[in-house]
Amino acid sequence: MEHLKVKRVRGRRVSDAYRMNVRGRLSRLTKECDLRKLSDVDPTVVERWLVKAEELGVSAATRNEYLCSLHAMCNWAVRENRVLTNPLARVQKASRALDVRRKRRALTEEEVVRLIAATRIRPVAEFGRETTALPLEKKKGRHSWTYEPLTAQNLDA
């Protein structure tokens, strides 16, 4: 994980959250693919992991993120002269077009009207919200209550 210390994307330093995500992906891959050294990175093993992840219902976008994280680490190893070539250079990404989880759509006219109305009265609704006691398992320290949730049904009230 040494490459995360100098990690840059398009010449810019990356956030701690990004590093944490990449570290988590690489940790999972190294454990599940049994990758102990750079020489253990084998395209066949990684492709088998990708197929297994697909069978478990992992989306194409998520599988691609895992592949990109490992691919970037291998590219870093090539730049640092730790390996001669990237062993994952020929591993293909999954097609996101074939694995659509949510179909995107435009809002209907009625939905736009409701959205604008909700944004207009939200500050007033926030001010007048009732409080409710938290269940015992959700209480933390002195935090024992919360506001009633705002929904489309109780927004006007």
# chains A, B, ... in the order shown; residues from 1 in each chain; ligands from 1
>>> residues_around(residues="segment 40-56 of chain A", least_positions_apart="2", cutoff="12 Å", atoms="only C-alpha atoms", output="MDAnalysis selection string")
chainID A and resid 26 28:38 58:68 70:71 73:74 77 83 85:95 99
>>> select_by_dssp(residues="segment 1-155 of chain A", states="alpha helix (DSSP H)", output="number ranges by chain")
A: 16-32, 43-55, 60-79, 109-127
>>> atom_distance(atom1="atom CA of Thr146 of chain A", atom2="atom CA of Ala118 of chain A")
20.9 Å
>>> residues_around(residues="Ala133 of chain A", least_positions_apart="3", cutoff="12 Å", atoms="only C-alpha atoms", output="PyMOL selection string")
chain A and resi 130+136-139+142-148
>>> decode(residues="segment 12-39 of chain A", atoms="N, CA, C and O atoms", output="mmCIF file, in the first residue's frame")
data_model
loop_
_atom_site.group_PDB
_atom_site.id
_atom_site.type_symbol
_atom_site.label_atom_id
_atom_site.label_comp_id
_atom_site.auth_asym_id
_atom_site.auth_seq_id
_atom_site.Cartn_x
_atom_site.Cartn_y
_atom_site.Cartn_z
ATOM 1 N N ARG A 12 -3.004 15.845 -9.314
ATOM 2 C CA ARG A 12 -3.447 16.456 -8.061
ATOM 3 C C ARG A 12 -3.457 15.426 -6.943
ATOM 4 O O ARG A 12 -3.784 14.265 -7.162
ATOM 5 N N ARG A 13 -3.137 15.878 -5.743
ATOM 6 C CA ARG A 13 -3.205 14.987 -4.587
ATOM 7 C C ARG A 13 -4.653 14.600 -4.336
ATOM 8 O O ARG A 13 -5.557 15.340 -4.645
ATOM 9 N N VAL A 14 -4.853 13.432 -3.755
ATOM 10 C CA VAL A 14 -6.208 12.940 -3.527
ATOM 11 C C VAL A 14 -6.558 13.031 -2.041
ATOM 12 O O VAL A 14 -5.687 13.120 -1.183
ATOM 13 N N SER A 15 -7.849 12.999 -1.750
ATOM 14 C CA SER A 15 -8.327 13.162 -0.374
ATOM 15 C C SER A 15 -8.066 11.905 0.455
ATOM 16 O O SER A 15 -7.832 10.816 -0.069
ATOM 17 N N ASP A 16 -8.162 12.096 1.771
ATOM 18 C CA ASP A 16 -7.999 10.963 2.683
ATOM 19 C C ASP A 16 -9.114 9.944 2.488
ATOM 20 O O ASP A 16 -8.883 8.739 2.602
ATOM 21 N N ALA A 17 -10.325 10.411 2.187
ATOM 22 C CA ALA A 17 -11.446 9.495 1.966
ATOM 23 C C ALA A 17 -11.184 8.624 0.734
ATOM 24 O O ALA A 17 -11.463 7.417 0.749
ATOM 25 N N TYR A 18 -10.637 9.230 -0.313
ATOM 26 C CA TYR A 18 -10.311 8.468 -1.524
ATOM 27 C C TYR A 18 -9.260 7.409 -1.207
ATOM 28 O O TYR A 18 -9.381 6.250 -1.610
ATOM 29 N N ARG A 19 -8.237 7.811 -0.468
ATOM 30 C CA ARG A 19 -7.187 6.852 -0.084
ATOM 31 C C ARG A 19 -7.772 5.703 0.729
ATOM 32 O O ARG A 19 -7.396 4.544 0.550
ATOM 33 N N MET A 20 -8.692 6.017 1.638
ATOM 34 C CA MET A 20 -9.316 4.996 2.465
ATOM 35 C C MET A 20 -10.112 4.014 1.600
ATOM 36 O O MET A 20 -10.056 2.800 1.801
ATOM 37 N N ASN A 21 -10.841 4.543 0.602
ATOM 38 C CA ASN A 21 -11.607 3.670 -0.300
ATOM 39 C C ASN A 21 -10.690 2.759 -1.102
ATOM 40 O O ASN A 21 -10.949 1.553 -1.232
ATOM 41 N N VAL A 22 -9.618 3.321 -1.639
ATOM 42 C CA VAL A 22 -8.676 2.518 -2.427
ATOM 43 C C VAL A 22 -8.015 1.474 -1.537
ATOM 44 O O VAL A 22 -7.885 0.305 -1.919
ATOM 45 N N ARG A 23 -7.620 1.880 -0.337
ATOM 46 C CA ARG A 23 -6.985 0.933 0.592
ATOM 47 C C ARG A 23 -7.948 -0.218 0.903
ATOM 48 O O ARG A 23 -7.540 -1.385 0.938
ATOM 49 N N GLY A 24 -9.212 0.084 1.111
ATOM 50 C CA GLY A 24 -10.196 -0.964 1.390
ATOM 51 C C GLY A 24 -10.366 -1.922 0.228
ATOM 52 O O GLY A 24 -10.435 -3.146 0.420
ATOM 53 N N ARG A 25 -10.423 -1.363 -0.990
ATOM 54 C CA ARG A 25 -10.563 -2.227 -2.172
ATOM 55 C C ARG A 25 -9.348 -3.123 -2.333
ATOM 56 O O ARG A 25 -9.476 -4.328 -2.593
ATOM 57 N N LEU A 26 -8.162 -2.530 -2.191
ATOM 58 C CA LEU A 26 -6.938 -3.318 -2.362
ATOM 59 C C LEU A 26 -6.794 -4.362 -1.265
ATOM 60 O O LEU A 26 -6.339 -5.474 -1.525
ATOM 61 N N SER A 27 -7.191 -4.027 -0.051
ATOM 62 C CA SER A 27 -7.123 -5.000 1.049
ATOM 63 C C SER A 27 -8.021 -6.198 0.754
ATOM 64 O O SER A 27 -7.624 -7.349 0.958
ATOM 65 N N ARG A 28 -9.226 -5.911 0.272
ATOM 66 C CA ARG A 28 -10.143 -7.001 -0.049
ATOM 67 C C ARG A 28 -9.591 -7.866 -1.175
ATOM 68 O O ARG A 28 -9.619 -9.100 -1.094
ATOM 69 N N LEU A 29 -9.070 -7.223 -2.224
ATOM 70 C CA LEU A 29 -8.523 -7.985 -3.351
ATOM 71 C C LEU A 29 -7.311 -8.813 -2.935
ATOM 72 O O LEU A 29 -7.185 -9.974 -3.344
ATOM 73 N N THR A 30 -6.416 -8.232 -2.148
ATOM 74 C CA THR A 30 -5.216 -8.978 -1.752
ATOM 75 C C THR A 30 -5.581 -10.172 -0.884
ATOM 76 O O THR A 30 -4.958 -11.223 -0.992
ATOM 77 N N LYS A 31 -6.619 -10.030 -0.060
ATOM 78 C CA LYS A 31 -7.040 -11.142 0.790
ATOM 79 C C LYS A 31 -7.763 -12.208 -0.028
ATOM 80 O O LYS A 31 -7.430 -13.398 0.065
ATOM 81 N N GLU A 32 -8.732 -11.801 -0.842
ATOM 82 C CA GLU A 32 -9.548 -12.775 -1.556
ATOM 83 C C GLU A 32 -8.838 -13.408 -2.745
ATOM 84 O O GLU A 32 -9.192 -14.505 -3.162
ATOM 85 N N CYS A 33 -7.844 -12.722 -3.305
ATOM 86 C CA CYS A 33 -7.075 -13.287 -4.430
ATOM 87 C C CYS A 33 -5.734 -13.840 -3.967
ATOM 88 O O CYS A 33 -4.935 -14.294 -4.785
ATOM 89 N N ASP A 34 -5.481 -13.757 -2.667
ATOM 90 C CA ASP A 34 -4.225 -14.239 -2.075
ATOM 91 C C ASP A 34 -3.002 -13.604 -2.745
ATOM 92 O O ASP A 34 -2.097 -14.292 -3.220
ATOM 93 N N LEU A 35 -2.993 -12.272 -2.794
ATOM 94 C CA LEU A 35 -1.883 -11.526 -3.394
ATOM 95 C C LEU A 35 -0.963 -11.039 -2.276
ATOM 96 O O LEU A 35 -1.287 -10.105 -1.566
ATOM 97 N N ARG A 36 0.188 -11.687 -2.139
ATOM 98 C CA ARG A 36 1.124 -11.301 -1.081
ATOM 99 C C ARG A 36 2.246 -10.404 -1.608
ATOM 100 O O ARG A 36 2.781 -9.584 -0.881
ATOM 101 N N LYS A 37 2.599 -10.607 -2.882
ATOM 102 C CA LYS A 37 3.675 -9.828 -3.505
ATOM 103 C C LYS A 37 3.181 -9.338 -4.852
ATOM 104 O O LYS A 37 2.182 -9.823 -5.383
ATOM 105 N N LEU A 38 3.877 -8.373 -5.418
ATOM 106 C CA LEU A 38 3.522 -7.870 -6.745
ATOM 107 C C LEU A 38 3.574 -8.979 -7.786
ATOM 108 O O LEU A 38 2.774 -8.998 -8.718
ATOM 109 N N SER A 39 4.475 -9.907 -7.608
ATOM 110 C CA SER A 39 4.588 -11.000 -8.581
ATOM 111 C C SER A 39 3.392 -11.954 -8.514
ATOM 112 O O SER A 39 3.188 -12.753 -9.423
#
